[in-house]
>>> print(open('model.csv').read())   # CSV, C-alpha atoms
chain,number,residue,atom,x,y,z
C,1,MET,CA,96.5,116.9,35.9
C,2,GLN,CA,92.8,117.0,36.3
C,3,TYR,CA,90.7,120.1,35.5
C,4,SER,CA,87.3,120.9,36.9
C,5,LEU,CA,84.3,121.7,34.7
C,6,GLY,CA,83.9,124.8,36.7
C,7,LYS,CA,87.4,126.1,35.7
C,8,ILE,CA,86.8,125.2,32.1
C,9,PHE,CA,83.4,127.0,31.9
C,10,LYS,CA,84.9,130.1,33.5
C,11,TYR,CA,86.7,130.8,30.2
C,12,ILE,CA,84.4,129.4,27.5
C,13,LYS,CA,80.7,129.7,26.7
C,14,TRP,CA,78.3,127.0,25.6
C,15,SER,CA,78.7,128.4,22.0
C,16,ASP,CA,82.4,127.4,22.2
C,17,ILE,CA,81.8,123.8,23.1
C,18,GLY,CA,81.7,122.7,19.5
C,19,HIS,CA,85.2,123.8,19.0
C,20,LEU,CA,86.4,121.6,21.8
C,21,PHE,CA,85.1,118.6,19.9
C,22,LEU,CA,86.7,119.9,16.6
C,23,ALA,CA,90.0,120.2,18.3
C,24,ALA,CA,89.7,116.8,19.9
C,25,PHE,CA,88.8,115.2,16.6
C,26,VAL,CA,91.7,116.5,14.6
C,27,PHE,CA,94.3,116.4,17.4
C,28,PRO,CA,95.7,112.8,16.7
C,29,TRP,CA,95.7,113.4,12.9
C,30,ALA,CA,97.4,116.7,13.3
C,31,LEU,CA,100.1,115.2,15.5
C,32,ILE,CA,100.9,112.6,12.9
C,33,ALA,CA,101.0,115.3,10.2
C,34,LYS,CA,103.3,117.4,12.3
C,35,ILE,CA,105.9,114.7,12.1
C,36,PHE,CA,106.1,115.1,8.3
C,37,ILE,CA,105.3,118.8,7.9
C,38,ARG,CA,108.0,120.9,9.4
C,39,ASP,CA,108.4,124.7,9.7
C,40,PHE,CA,104.8,125.5,8.7
C,41,TRP,CA,103.5,129.0,9.5
C,42,LEU,CA,99.9,130.0,10.0
C,43,VAL,CA,99.0,133.7,9.7
C,44,CYS,CA,95.8,135.5,10.4
C,45,GLU,CA,94.0,138.6,11.7
C,46,THR,CA,90.3,138.9,12.4
C,47,LYS,CA,87.8,136.5,10.9
C,48,TYR,CA,86.7,138.8,8.1
C,49,GLU,CA,89.7,141.1,7.5
C,50,ALA,CA,93.1,141.0,5.7
C,51,ARG,CA,94.2,144.6,6.0
C,52,ASP,CA,96.6,144.7,8.9
C,53,ASN,CA,100.1,143.5,9.8
C,54,GLY,CA,99.1,139.9,9.3
C,55,TYR,CA,98.1,140.4,5.7
C,56,TRP,CA,101.0,142.6,4.8
C,57,PHE,CA,103.4,140.2,6.4
C,58,TYR,CA,101.8,137.2,4.6
C,59,LYS,CA,101.9,139.1,1.3
C,60,TRP,CA,105.7,139.9,1.7
C,61,VAL,CA,106.5,136.2,2.6
C,62,ARG,CA,104.6,134.9,-0.4
C,63,GLU,CA,106.3,137.4,-2.8
C,64,ASN,CA,109.8,137.3,-1.3
C,65,ARG,CA,110.2,133.9,0.4
C,66,PRO,CA,108.0,131.6,-1.8
C,67,LYS,CA,109.6,128.4,-0.4
C,68,GLN,CA,108.4,129.1,3.1
C,69,LYS,CA,105.4,126.9,4.0
C,70,VAL,CA,102.7,129.3,5.1
C,71,ALA,CA,98.9,129.8,4.9
C,72,TYR,CA,96.5,132.5,5.8
C,73,ALA,CA,93.2,131.9,7.8
C,74,ILE,CA,90.2,134.0,6.9
C,75,SER,CA,86.5,133.5,6.3
C,76,LYS,CA,85.2,132.8,2.8
C,77,LYS,CA,82.6,135.5,3.5
C,78,SER,CA,85.3,138.2,3.9
C,79,PRO,CA,85.5,140.9,1.3
C,80,ASP,CA,89.2,140.4,1.4
C,81,TYR,CA,89.2,136.6,0.8
C,82,ALA,CA,89.9,136.9,-3.0
C,83,LYS,CA,93.0,139.0,-2.6
C,84,VAL,CA,94.5,136.6,0.0
C,85,LYS,CA,93.7,133.6,-2.1
C,86,ALA,CA,95.5,135.1,-5.0
C,87,LEU,CA,98.7,135.0,-2.9
C,88,GLY,CA,98.7,131.4,-1.7
C,89,LYS,CA,97.1,128.8,0.6
C,90,VAL,CA,94.0,130.0,2.4
C,91,ILE,CA,92.3,128.2,5.3
C,92,GLY,CA,88.7,128.8,6.4
C,93,ARG,CA,88.7,130.7,9.7
C,94,GLY,CA,87.2,128.6,12.6
C,95,THR,CA,86.8,125.5,10.5
C,96,LEU,CA,88.0,121.9,11.1
C,97,SER,CA,90.8,122.6,8.7
C,98,HIS,CA,91.8,125.7,10.7
C,99,TRP,CA,92.0,123.6,13.9
C,100,PHE,CA,94.2,121.0,12.0
C,101,TRP,CA,96.7,123.5,10.7
C,102,TYR,CA,96.7,125.4,14.0
C,103,ILE,CA,98.0,122.3,15.7
C,104,VAL,CA,100.4,121.4,12.9
C,105,ALA,CA,101.9,124.9,12.7
C,106,ASP,CA,105.3,125.4,14.1
C,107,LYS,CA,104.5,129.1,14.3
C,108,ASN,CA,101.1,130.8,14.7
C,109,ILE,CA,101.4,134.4,13.6
C,110,SER,CA,98.7,137.1,14.1
C,111,SER,CA,98.1,140.8,14.4
C,112,GLN,CA,95.2,140.0,16.8
C,113,LYS,CA,95.5,138.5,20.2
C,114,HIS,CA,92.5,136.3,19.3
C,115,GLY,CA,93.7,135.4,15.8
C,116,LYS,CA,93.0,131.6,16.1
C,117,PRO,CA,90.2,129.0,15.4
C,118,ASN,CA,88.3,129.9,18.6
C,119,ALA,CA,89.6,132.5,21.0
C,120,SER,CA,88.2,131.1,24.2
C,121,VAL,CA,89.1,127.5,23.6
C,122,CYS,CA,92.6,128.4,22.4
C,123,TYR,CA,93.1,130.6,25.5
C,124,LEU,CA,92.2,127.6,27.6
C,125,PHE,CA,94.8,125.5,25.8
C,126,GLU,CA,97.5,128.1,25.6
C,127,VAL,CA,97.3,130.2,28.8
C,128,VAL,CA,95.1,128.5,31.4
C,129,PHE,CA,96.4,124.9,31.0
C,130,GLY,CA,99.5,125.5,28.9
C,131,LEU,CA,98.7,122.6,26.6
C,132,ARG,CA,99.5,124.4,23.3
C,133,ARG,CA,103.0,125.8,23.6
C,134,ASN,CA,103.9,126.6,20.0
C,135,ASN,CA,105.9,129.6,19.0
C,136,ARG,CA,103.1,132.2,18.8
C,137,ILE,CA,104.0,135.6,17.4
C,138,PHE,CA,102.0,138.7,18.0
C,139,LEU,CA,102.4,141.2,15.2
C,140,GLN,CA,100.1,143.7,16.9
C,141,HIS,CA,97.1,145.6,15.6
C,142,GLY,CA,98.5,149.0,16.5
C,143,VAL,CA,101.3,150.7,18.4
C,144,THR,CA,100.9,149.9,22.1
C,145,ILE,CA,100.7,153.2,24.1
C,146,ASN,CA,98.4,152.3,27.0
C,147,ASP,CA,98.7,150.0,30.0
C,148,ILE,CA,96.8,147.0,28.5
C,149,THR,CA,96.8,144.2,31.0
C,150,TRP,CA,95.4,141.6,28.6
C,151,CYS,CA,98.6,142.0,26.7
C,152,TYR,CA,100.8,141.1,29.7
C,153,TYR,CA,102.8,137.9,29.3
C,154,LYS,CA,100.9,136.1,32.0
C,155,ASN,CA,97.7,136.6,30.0
C,156,THR,CA,99.1,135.7,26.5
C,157,LYS,CA,102.2,133.5,26.8
C,158,PHE,CA,103.3,134.9,23.4
C,159,ARG,CA,106.8,133.8,22.4
C,160,MET,CA,107.4,137.0,20.5
C,161,PHE,CA,105.8,140.5,20.8
C,162,ILE,CA,106.6,142.7,17.7
C,163,THR,CA,106.9,146.5,18.3
C,164,SER,CA,107.7,149.3,15.9
C,165,ALA,CA,108.5,152.4,18.0
C,166,LEU,CA,111.4,152.9,20.4
C,167,PRO,CA,109.3,154.1,23.5
C,168,GLU,CA,106.8,151.4,22.8
C,169,TYR,CA,109.6,148.7,22.8
C,170,GLU,CA,111.0,150.1,26.1
C,171,TYR,CA,107.5,150.3,27.7
C,172,VAL,CA,106.4,146.8,26.8
C,173,SER,CA,109.7,145.3,27.7
C,174,GLN,CA,109.7,146.9,31.2
C,175,LYS,CA,106.0,146.8,32.0
C,176,PHE,CA,104.4,143.7,30.4
C,177,GLY,CA,106.4,141.0,32.1
C,178,TYR,CA,107.8,139.2,29.0
C,179,PRO,CA,111.0,137.2,29.4
C,180,SER,CA,114.2,138.8,28.1
C,181,GLY,CA,114.4,138.6,24.3
C,182,TYR,CA,110.6,138.0,23.8
C,183,VAL,CA,109.9,141.6,22.8
C,184,LYS,CA,111.4,142.6,19.5
C,185,MET,CA,111.5,145.9,17.6
C,186,CYS,CA,111.2,145.0,14.0
C,187,GLY,CA,108.7,147.6,12.8
C,188,PHE,CA,105.1,146.9,11.5
C,189,SER,CA,104.7,145.1,8.2
C,190,ARG,CA,102.0,147.5,7.1
C,191,PHE,CA,104.4,150.4,7.5
C,192,ASP,CA,106.4,149.2,4.5
C,193,SER,CA,103.8,150.6,2.2
C,194,LEU,CA,103.6,154.0,3.8
C,195,HIS,CA,106.6,155.5,2.0
C,196,ASP,CA,104.9,155.9,-1.3
C,197,PHE,CA,101.8,158.1,-1.3
C,198,THR,CA,100.2,161.3,-2.6
C,199,PRO,CA,97.9,163.0,-0.2
C,200,ASP,CA,94.5,164.3,-1.4
C,201,LYS,CA,94.5,167.8,0.1
C,202,ASP,CA,90.7,167.8,-0.1
C,203,LEU,CA,90.2,164.7,2.1
C,204,ILE,CA,89.8,164.8,5.9
C,205,LEU,CA,89.7,161.5,7.7
C,206,VAL,CA,87.8,161.1,11.0
C,207,MET,CA,88.6,157.7,12.6
C,208,PRO,CA,87.5,157.3,16.2
C,209,THR,CA,88.3,154.1,18.1
C,210,TRP,CA,85.9,151.7,19.8
C,211,ARG,CA,84.6,151.6,23.4
C,212,GLU,CA,84.8,148.3,25.1
C,213,TRP,CA,81.7,149.0,27.1
C,214,LEU,CA,79.7,149.7,23.9
C,215,GLY,CA,81.5,147.6,21.2
C,216,ARG,CA,80.8,144.1,22.6
C,217,GLU,CA,77.7,142.3,23.7
C,218,SER,CA,77.5,142.1,27.5
C,219,LYS,CA,75.0,142.3,30.3
C,220,ASP,CA,76.1,145.8,31.0
C,221,ASN,CA,75.3,147.3,27.6
C,222,LYS,CA,72.6,144.9,26.3
C,223,ASP,CA,69.8,147.3,26.9
C,224,THR,CA,71.7,150.5,26.4
C,225,ASP,CA,70.2,153.0,23.9
C,226,PHE,CA,73.2,153.8,21.8
C,227,THR,CA,71.8,157.3,20.9
C,228,GLN,CA,72.0,158.2,24.5
C,229,THR,CA,75.7,157.4,24.9
C,230,ASP,CA,78.3,160.2,25.1
C,231,TYR,CA,80.1,158.5,22.2
C,232,TYR,CA,77.1,158.9,19.9
C,233,LYS,CA,76.2,162.4,21.1
C,234,ALA,CA,79.8,163.7,20.7
C,235,TRP,CA,80.5,162.2,17.3
C,236,ASN,CA,77.1,162.7,15.7
C,237,GLY,CA,77.0,166.2,17.1
C,238,PHE,CA,80.4,166.9,15.5
C,239,LEU,CA,79.2,165.5,12.1
C,240,ASN,CA,76.2,167.8,12.3
C,241,SER,CA,78.0,170.9,13.5
C,242,ASN,CA,77.0,174.0,11.5
C,243,GLU,CA,80.5,175.3,12.0
C,244,LEU,CA,82.0,172.2,10.5
C,245,ASP,CA,79.6,172.3,7.6
C,246,LEU,CA,80.5,175.9,6.9
C,247,LEU,CA,84.2,175.1,7.1
C,248,LEU,CA,83.9,172.2,4.7
C,249,SER,CA,81.8,174.3,2.2
C,250,GLU,CA,84.1,177.3,2.3
C,251,SER,CA,87.3,175.2,1.9
C,252,GLY,CA,85.9,172.7,-0.6
C,253,LYS,CA,87.0,169.8,1.6
C,254,LYS,CA,85.4,166.4,2.0
C,255,LEU,CA,85.2,164.5,5.3
C,256,LEU,CA,85.2,160.7,5.7
C,257,PHE,CA,83.8,159.4,9.0
C,258,TYR,CA,85.3,155.9,9.5
C,259,PRO,CA,84.7,154.4,13.0
C,260,HIS,CA,86.6,151.5,14.3
C,261,ARG,CA,85.6,148.0,13.1
C,262,ASN,CA,84.0,147.2,16.4
C,263,MET,CA,81.7,150.2,16.2
C,264,GLN,CA,80.6,149.7,12.6
C,265,LYS,CA,77.5,147.8,13.8
C,266,PHE,CA,76.3,151.2,15.1
C,267,LEU,CA,76.9,153.0,11.8
C,268,HIS,CA,73.3,153.3,10.8
C,269,TYR,CA,72.7,155.5,13.8
C,270,PHE,CA,75.0,158.3,12.5
C,271,SER,CA,73.9,160.9,10.1
C,272,ALA,CA,75.3,164.1,8.6
C,273,ALA,CA,73.4,167.0,7.1
C,274,SER,CA,76.4,168.2,5.1
C,275,GLU,CA,76.8,166.8,1.5
C,276,ASN,CA,80.6,167.1,2.1
C,277,ILE,CA,80.5,164.3,4.8
C,278,GLU,CA,80.4,160.6,4.0
C,279,ILE,CA,79.9,157.9,6.7
C,280,ALA,CA,82.1,155.0,5.6
C,281,ASP,CA,81.2,151.3,5.7
C,282,TRP,CA,84.5,149.3,6.3
C,283,LYS,CA,83.6,146.8,3.6
C,284,LYS,CA,83.8,149.6,0.9
C,285,TYR,CA,87.1,151.1,1.9
C,286,ASP,CA,90.6,149.7,2.3
C,287,ILE,CA,91.9,151.3,5.5
C,288,GLN,CA,95.5,151.7,4.3
C,289,ASP,CA,94.3,153.3,1.1
C,290,VAL,CA,92.3,155.8,3.1
C,291,LEU,CA,95.1,156.6,5.4
C,292,LYS,CA,97.5,157.2,2.6
C,293,ARG,CA,95.0,159.5,0.7
C,294,ALA,CA,93.8,161.7,3.6
C,295,ALA,CA,95.6,165.0,4.3
C,296,VAL,CA,94.7,165.2,8.0
C,297,MET,CA,93.3,162.9,10.6
C,298,ILE,CA,90.9,163.5,13.6
C,299,THR,CA,90.7,160.7,16.1
C,300,ASP,CA,90.2,160.2,19.8
C,301,TYR,CA,92.5,157.5,21.2
C,302,SER,CA,93.1,155.2,18.2
C,303,SER,CA,96.7,154.1,17.7
C,304,VAL,CA,96.1,154.2,14.0
C,305,PHE,CA,97.1,157.8,14.2
C,306,PHE,CA,100.7,156.5,14.4
C,307,ASP,CA,100.3,155.3,10.8
C,308,PHE,CA,99.5,158.9,10.0
C,309,ALA,CA,102.3,160.3,12.0
C,310,TYR,CA,104.7,157.8,10.4
C,311,MET,CA,103.8,159.5,7.1
C,312,ARG,CA,104.5,162.8,8.8
C,313,LYS,CA,100.8,164.0,8.3
C,314,PRO,CA,99.0,166.1,10.9
C,315,VAL,CA,96.7,164.6,13.6
C,316,ILE,CA,94.1,166.1,15.8
C,317,PHE,CA,92.9,164.4,19.0
C,318,TYR,CA,89.3,164.9,20.1
C,319,GLN,CA,89.0,163.3,23.6
C,320,PHE,CA,85.6,164.2,25.1
C,321,ASP,CA,85.3,161.2,27.4
C,322,GLU,CA,88.9,160.9,28.7
C,323,ALA,CA,88.0,160.0,32.3
C,324,GLU,CA,85.5,157.4,31.3
C,325,PHE,CA,87.8,155.9,28.7
C,326,ARG,CA,90.7,155.6,31.2
C,327,SER,CA,88.5,154.0,33.9
C,328,LYS,CA,86.7,151.6,31.7
C,329,GLN,CA,89.1,150.6,28.9
C,330,TYR,CA,92.8,151.5,28.8
C,331,GLY,CA,94.9,152.8,31.6
C,332,VAL,CA,97.4,155.6,31.0
C,333,GLY,CA,100.7,154.4,29.4
C,334,TYR,CA,103.8,156.3,28.4
C,335,PHE,CA,102.2,158.5,25.7
C,336,ASP,CA,100.8,161.9,26.6
C,337,TYR,CA,98.2,163.0,24.1
C,338,HIS,CA,98.0,166.4,25.7
C,339,ASP,CA,101.6,167.2,25.0
C,340,THR,CA,103.1,165.7,21.9
C,341,VAL,CA,104.7,167.0,18.7
C,342,LEU,CA,102.8,164.2,16.8
C,343,GLY,CA,99.4,165.9,17.1
C,344,LYS,CA,97.1,168.6,18.6
C,345,TRP,CA,94.7,167.8,21.5
C,346,SER,CA,91.3,169.1,22.6
C,347,GLY,CA,88.3,167.8,24.6
C,348,GLU,CA,85.9,170.3,23.1
C,349,GLU,CA,84.2,170.2,19.7
C,350,ARG,CA,84.6,173.9,18.9
C,351,ASP,CA,88.3,173.7,19.6
C,352,VAL,CA,88.7,170.6,17.3
C,353,ILE,CA,87.0,172.5,14.5
C,354,GLU,CA,89.3,175.5,15.1
C,355,LEU,CA,92.4,173.2,15.0
C,356,LEU,CA,91.1,171.7,11.7
C,357,ARG,CA,90.6,175.2,10.4
C,358,GLN,CA,94.2,176.1,11.3
C,359,SER,CA,95.5,172.9,9.6
C,360,ILE,CA,93.7,173.7,6.4
C,361,ALA,CA,95.0,177.3,6.5
C,362,CYS,CA,98.6,175.9,6.8
C,363,ASP,CA,98.0,173.6,3.9
C,364,PHE,CA,98.2,170.6,6.2
C,365,GLU,CA,101.8,171.2,7.4
C,366,MET,CA,103.8,168.0,7.7
C,367,ILE,CA,105.4,166.8,10.9
C,368,ASP,CA,109.2,167.3,11.1
C,369,GLU,CA,111.0,164.2,9.7
C,370,GLU,CA,113.6,164.2,12.5
C,371,THR,CA,110.7,164.0,15.1
C,372,VAL,CA,109.2,161.0,13.4
C,373,ARG,CA,112.5,159.2,13.1
C,374,GLU,CA,113.1,159.7,16.9
C,375,PHE,CA,109.9,157.8,17.5
C,376,PHE,CA,110.4,155.3,14.7
C,377,PRO,CA,114.1,154.6,14.4
C,378,LEU,CA,113.3,151.8,11.8
C,379,TRP,CA,111.8,154.2,9.3
C,380,ASP,CA,112.2,152.2,6.1
C,381,GLU,CA,110.7,149.6,4.0
C,382,LYS,CA,112.3,146.5,5.6
C,383,ASN,CA,109.8,145.9,8.5
C,384,SER,CA,108.5,142.6,7.0
C,385,GLU,CA,111.9,141.4,6.2
C,386,ARG,CA,113.2,142.1,9.7
C,387,THR,CA,110.1,140.4,11.1
C,388,TYR,CA,110.6,137.3,8.9
C,389,ASP,CA,114.2,137.0,9.8
C,390,THR,CA,113.5,137.3,13.5
C,391,ILE,CA,110.7,134.7,13.4
C,392,LYS,CA,112.8,132.4,11.3
C,393,SER,CA,115.6,132.5,13.9
C,394,LEU,CA,113.4,131.2,16.6
C,395,LYS,CA,114.3,127.8,17.8
C,396,LYS,CA,111.6,125.3,18.5
C,397,ARG,CA,110.2,125.9,21.9
C,398,GLU,CA,110.8,123.2,24.4
C,399,GLN,CA,107.7,121.1,25.1
>>> encode(input="model.csv", output="structure tokens")
Amino acid sequence: MQYSLGKIFKYIKWSDIGHLFLAAFVFPWALIAKIFIRDFWLVCETKYEARDNGYWFYKWVRENRPKQKVAYAISKKSPDYAKVKALGKVIGRGTLSHWFWYIVADKNISSQKHGKPNASVCYLFEVVFGLRRNNRIFLQHGVTINDITWCYYKNTKFRMFITSALPEYEYVSQKFGYPSGYVKMCGFSRFDSLHDFTPDKDLILVMPTWREWLGRESKDNKDTDFTQTDYYKAWNGFLNSNELDLLLSESGKKLLFYPHRNMQKFLHYFSAASENIEIADWKKYDIQDVLKRAAVMITDYSSVFFDFAYMRKPVIFYQFDEAEFRSKQYGVGYFDYHDTVLGKWSGEERDVIELLRQSIACDFEMIDEETVREFFPLWDEKNSERTYDTIKSLKKREQ
């Protein structure tokens, strides 16, 4: 089959061309190595992080199935590099070695859709032309609750899509177009560690998600003044609210503002007059440690709230730009933020602060355990084990 340059350059930029040559260079050597190296697994997340399902799954495999041939891909510049290297084989993310092992691997496992040597080139190989048809497993970054078209089977060709919640499993199975048996409910590996924690009743966590139209470089937002966006105005206004400052002072609580990783590049724009508020740099805080310590969470649309709900801790949703978010980023899925026993909703700053006041007054009342178990039937510490066994049972995909 012949492919036009026009079709190729539709999916990759000039900056990706180098990776085409890296892939071409290692391809014959990797094919030879593949004959001798069987059942090798490659695990990764983002280039600079090992804090999500990929890391926790890799950690479990290394500690519980040490004979399994497996490696983790991450940049040496990552603040998490040392902890991964202490577990086993590490491969430099996006390097020649990464391309070699990506081709050798019988299973490529990631919590990110773009967890690979180069997202654009791999998308070309895997989805557009169907040249790389290994058993790719998607561990997910968060519980899927929205209609996310880029996660549809036609746009991913994932061999396995791991879910953790019952309504999520049913929604993805029915909506996303995966063949029968491709969507599995095993539970998230990172949830295994959410059964042993002691909340700090003085810590409030504010963790807004990203905005696609602000979080990535594009022609649309290149010249945008971030301080003039609704996102900045709403969250910075919240951080500098006199009412919030008074509530924190009177209650003796501390607030940690921890925006999504994709919004951390804007961190320097935010400020807080209150000495009880800290603006968190992702490099200094382990996200799961913060989630386990905090007593209450305020977020907008971030699915990380499910980690909180999984621990039965209270959640408050502050959705000031709902119409814009739905039109520009994620369409409505099966989950109704406005009417859920897993959290309280508001689109107004003053109401969010009042909901926080009520939660403090109730000593951060926990969510009913039965309610959580209805959403998460697999509420135990065997998520990684189930995921491992399910992946292990996969037969080699026909070429």
>>> closest_residue(input="model.csv", among="C:Asp281, C:Glu349, C:Glu381, C:Glu369", to="Lys313 (chain C)", atoms="all atoms listed in the file")
C:Glu369
>>> closest_residue(input="model.csv", among="C:Arg38, C:His19, C:Lys113, C:Arg326", to="Val70 (chain C)", atoms="all atoms listed in the file")
C:Arg38
>>> closest_residue(input="model.csv", among="C:Asp39, C:Glu212, C:Glu365, C:Asp106", to="Arg136 (chain C)", atoms="all atoms listed in the file")
C:Asp106
>>> residues_around(input="model.csv", residues="Lys69 (chain C)", least_positions_apart="2", cutoff="10 Å", atoms="all atoms listed in the file", output="list in words")
Ile37, Arg38, Asp39, Phe40, Trp41, Leu42, Val61, Arg62, Arg65, Pro66, Lys67, Ala71, Gly88, Lys89 and Ala105 of chain C
>>> residues_around(input="model.csv", residues="Asp368 (chain C)", least_positions_apart="3", cutoff="10 Å", atoms="all atoms listed in the file", output="ChimeraX atom specification")
/C:309,312-313,341-342,365,371-373
>>> write_last_selection(input="model.csv", atoms="C-alpha atoms", output="PDB file, in the frame of the given file")
ATOM      1  CA  ALA C 309     102.300 160.300  12.000  1.00  0.00           C
ATOM      2  CA  ARG C 312     104.500 162.800   8.800  1.00  0.00           C
ATOM      3  CA  LYS C 313     100.800 164.000   8.300  1.00  0.00           C
ATOM      4  CA  VAL C 341     104.700 167.000  18.700  1.00  0.00           C
ATOM      5  CA  LEU C 342     102.800 164.200  16.800  1.00  0.00           C
ATOM      6  CA  GLU C 365     101.800 171.200   7.400  1.00  0.00           C
ATOM      7  CA  THR C 371     110.700 164.000  15.100  1.00  0.00           C
ATOM      8  CA  VAL C 372     109.200 161.000  13.400  1.00  0.00           C
ATOM      9  CA  ARG C 373     112.500 159.200  13.100  1.00  0.00           C
TER      10      ARG C 373
END
>>> residues_around(input="model.csv", residues="Thr163 (chain C)", least_positions_apart="5", cutoff="8 Å", atoms="only C-alpha atoms", output="NGL selection string")
:C and (139-140 or 143-144 or 168-169 or 183-188)
>>> closest_residue(input="model.csv", among="C:Ala273, C:Val296, C:Leu244, C:Val127", to="Asp202 (chain C)", atoms="only C-alpha atoms")
C:Val296
>>> atom_distance(input="model.csv", atom1="CA of Met366 (chain C)", atom2="CA of Gln288 (chain C)")
18.6 Å
>>> residues_near_point(input="model.csv", point="(100.1, 124.8, 12.1)", cutoff="12 Å", atoms="all atoms listed in the file", output="NGL selection string")
:C and (27 or 30-31 or 33-35 or 37-44 or 69-73 or 91 or 97-109 or 116-117 or 132-136)
>>> write_last_selection(input="model.csv", atoms="C-alpha atoms", output="JSON list (two decimals), in the coordinates of the input")
[["chain", "number", "residue", "atom", "x", "y", "z"],
["C", 27, "PHE", "CA", 94.30, 116.40, 17.40],
["C", 30, "ALA", "CA", 97.40, 116.70, 13.30],
["C", 31, "LEU", "CA", 100.10, 115.20, 15.50],
["C", 33, "ALA", "CA", 101.00, 115.30, 10.20],
["C", 34, "LYS", "CA", 103.30, 117.40, 12.30],
["C", 35, "ILE", "CA", 105.90, 114.70, 12.10],
["C", 37, "ILE", "CA", 105.30, 118.80, 7.90],
["C", 38, "ARG", "CA", 108.00, 120.90, 9.40],
["C", 39, "ASP", "CA", 108.40, 124.70, 9.70],
["C", 40, "PHE", "CA", 104.80, 125.50, 8.70],
["C", 41, "TRP", "CA", 103.50, 129.00, 9.50],
["C", 42, "LEU", "CA", 99.90, 130.00, 10.00],
["C", 43, "VAL", "CA", 99.00, 133.70, 9.70],
["C", 44, "CYS", "CA", 95.80, 135.50, 10.40],
["C", 69, "LYS", "CA", 105.40, 126.90, 4.00],
["C", 70, "VAL", "CA", 102.70, 129.30, 5.10],
["C", 71, "ALA", "CA", 98.90, 129.80, 4.90],
["C", 72, "TYR", "CA", 96.50, 132.50, 5.80],
["C", 73, "ALA", "CA", 93.20, 131.90, 7.80],
["C", 91, "ILE", "CA", 92.30, 128.20, 5.30],
["C", 97, "SER", "CA", 90.80, 122.60, 8.70],
["C", 98, "HIS", "CA", 91.80, 125.70, 10.70],
["C", 99, "TRP", "CA", 92.00, 123.60, 13.90],
["C", 100, "PHE", "CA", 94.20, 121.00, 12.00],
["C", 101, "TRP", "CA", 96.70, 123.50, 10.70],
["C", 102, "TYR", "CA", 96.70, 125.40, 14.00],
["C", 103, "ILE", "CA", 98.00, 122.30, 15.70],
["C", 104, "VAL", "CA", 100.40, 121.40, 12.90],
["C", 105, "ALA", "CA", 101.90, 124.90, 12.70],
["C", 106, "ASP", "CA", 105.30, 125.40, 14.10],
["C", 107, "LYS", "CA", 104.50, 129.10, 14.30],
["C", 108, "ASN", "CA", 101.10, 130.80, 14.70],
["C", 109, "ILE", "CA", 101.40, 134.40, 13.60],
["C", 116, "LYS", "CA", 93.00, 131.60, 16.10],
["C", 117, "PRO", "CA", 90.20, 129.00, 15.40],
["C", 132, "ARG", "CA", 99.50, 124.40, 23.30],
["C", 133, "ARG", "CA", 103.00, 125.80, 23.60],
["C", 134, "ASN", "CA", 103.90, 126.60, 20.00],
["C", 135, "ASN", "CA", 105.90, 129.60, 19.00],
["C", 136, "ARG", "CA", 103.10, 132.20, 18.80]]
>>> closest_residue(input="model.csv", among="C:Asp307, C:Glu385, C:Asp286, C:Glu322", to="Asp230 (chain C)", atoms="all atoms listed in the file")
C:Glu322
>>> build_atoms(input="model.csv", residues="region 189-196 of chain C", atoms="N, CA, C and O atoms", output="JSON list (two decimals), in the frame of the given file")
[["chain", "number", "residue", "atom", "x", "y", "z"],
["C", 189, "SER", "N", 104.73, 145.48, 9.64],
["C", 189, "SER", "CA", 104.70, 145.10, 8.20],
["C", 189, "SER", "C", 103.94, 146.08, 7.38],
["C", 189, "SER", "O", 104.32, 146.38, 6.24],
["C", 190, "ARG", "N", 102.84, 146.58, 7.91],
["C", 190, "ARG", "CA", 102.00, 147.50, 7.10],
["C", 190, "ARG", "C", 102.68, 148.83, 6.86],
["C", 190, "ARG", "O", 102.31, 149.56, 5.94],
["C", 191, "PHE", "N", 103.69, 149.16, 7.69],
["C", 191, "PHE", "CA", 104.40, 150.40, 7.50],
["C", 191, "PHE", "C", 105.27, 150.43, 6.25],
["C", 191, "PHE", "O", 105.66, 151.49, 5.76],
["C", 192, "ASP", "N", 105.61, 149.24, 5.74],
["C", 192, "ASP", "CA", 106.40, 149.20, 4.50],
["C", 192, "ASP", "C", 105.82, 149.92, 3.37],
["C", 192, "ASP", "O", 106.53, 150.42, 2.50],
["C", 193, "SER", "N", 104.49, 149.97, 3.34],
["C", 193, "SER", "CA", 103.80, 150.60, 2.20],
["C", 193, "SER", "C", 103.46, 152.05, 2.44],
["C", 193, "SER", "O", 102.75, 152.66, 1.63],
["C", 194, "LEU", "N", 103.95, 152.63, 3.52],
["C", 194, "LEU", "CA", 103.60, 154.00, 3.80],
["C", 194, "LEU", "C", 104.68, 155.02, 3.42],
["C", 194, "LEU", "O", 104.71, 156.15, 3.91],
["C", 195, "HIS", "N", 105.54, 154.61, 2.51],
["C", 195, "HIS", "CA", 106.60, 155.50, 2.00],
["C", 195, "HIS", "C", 106.30, 156.05, 0.64],
["C", 195, "HIS", "O", 107.02, 156.91, 0.14],
["C", 196, "ASP", "N", 105.26, 155.54, 0.02],
["C", 196, "ASP", "CA", 104.90, 155.90, -1.30],
["C", 196, "ASP", "C", 103.44, 156.34, -1.37],
["C", 196, "ASP", "O", 102.55, 155.47, -1.43]]
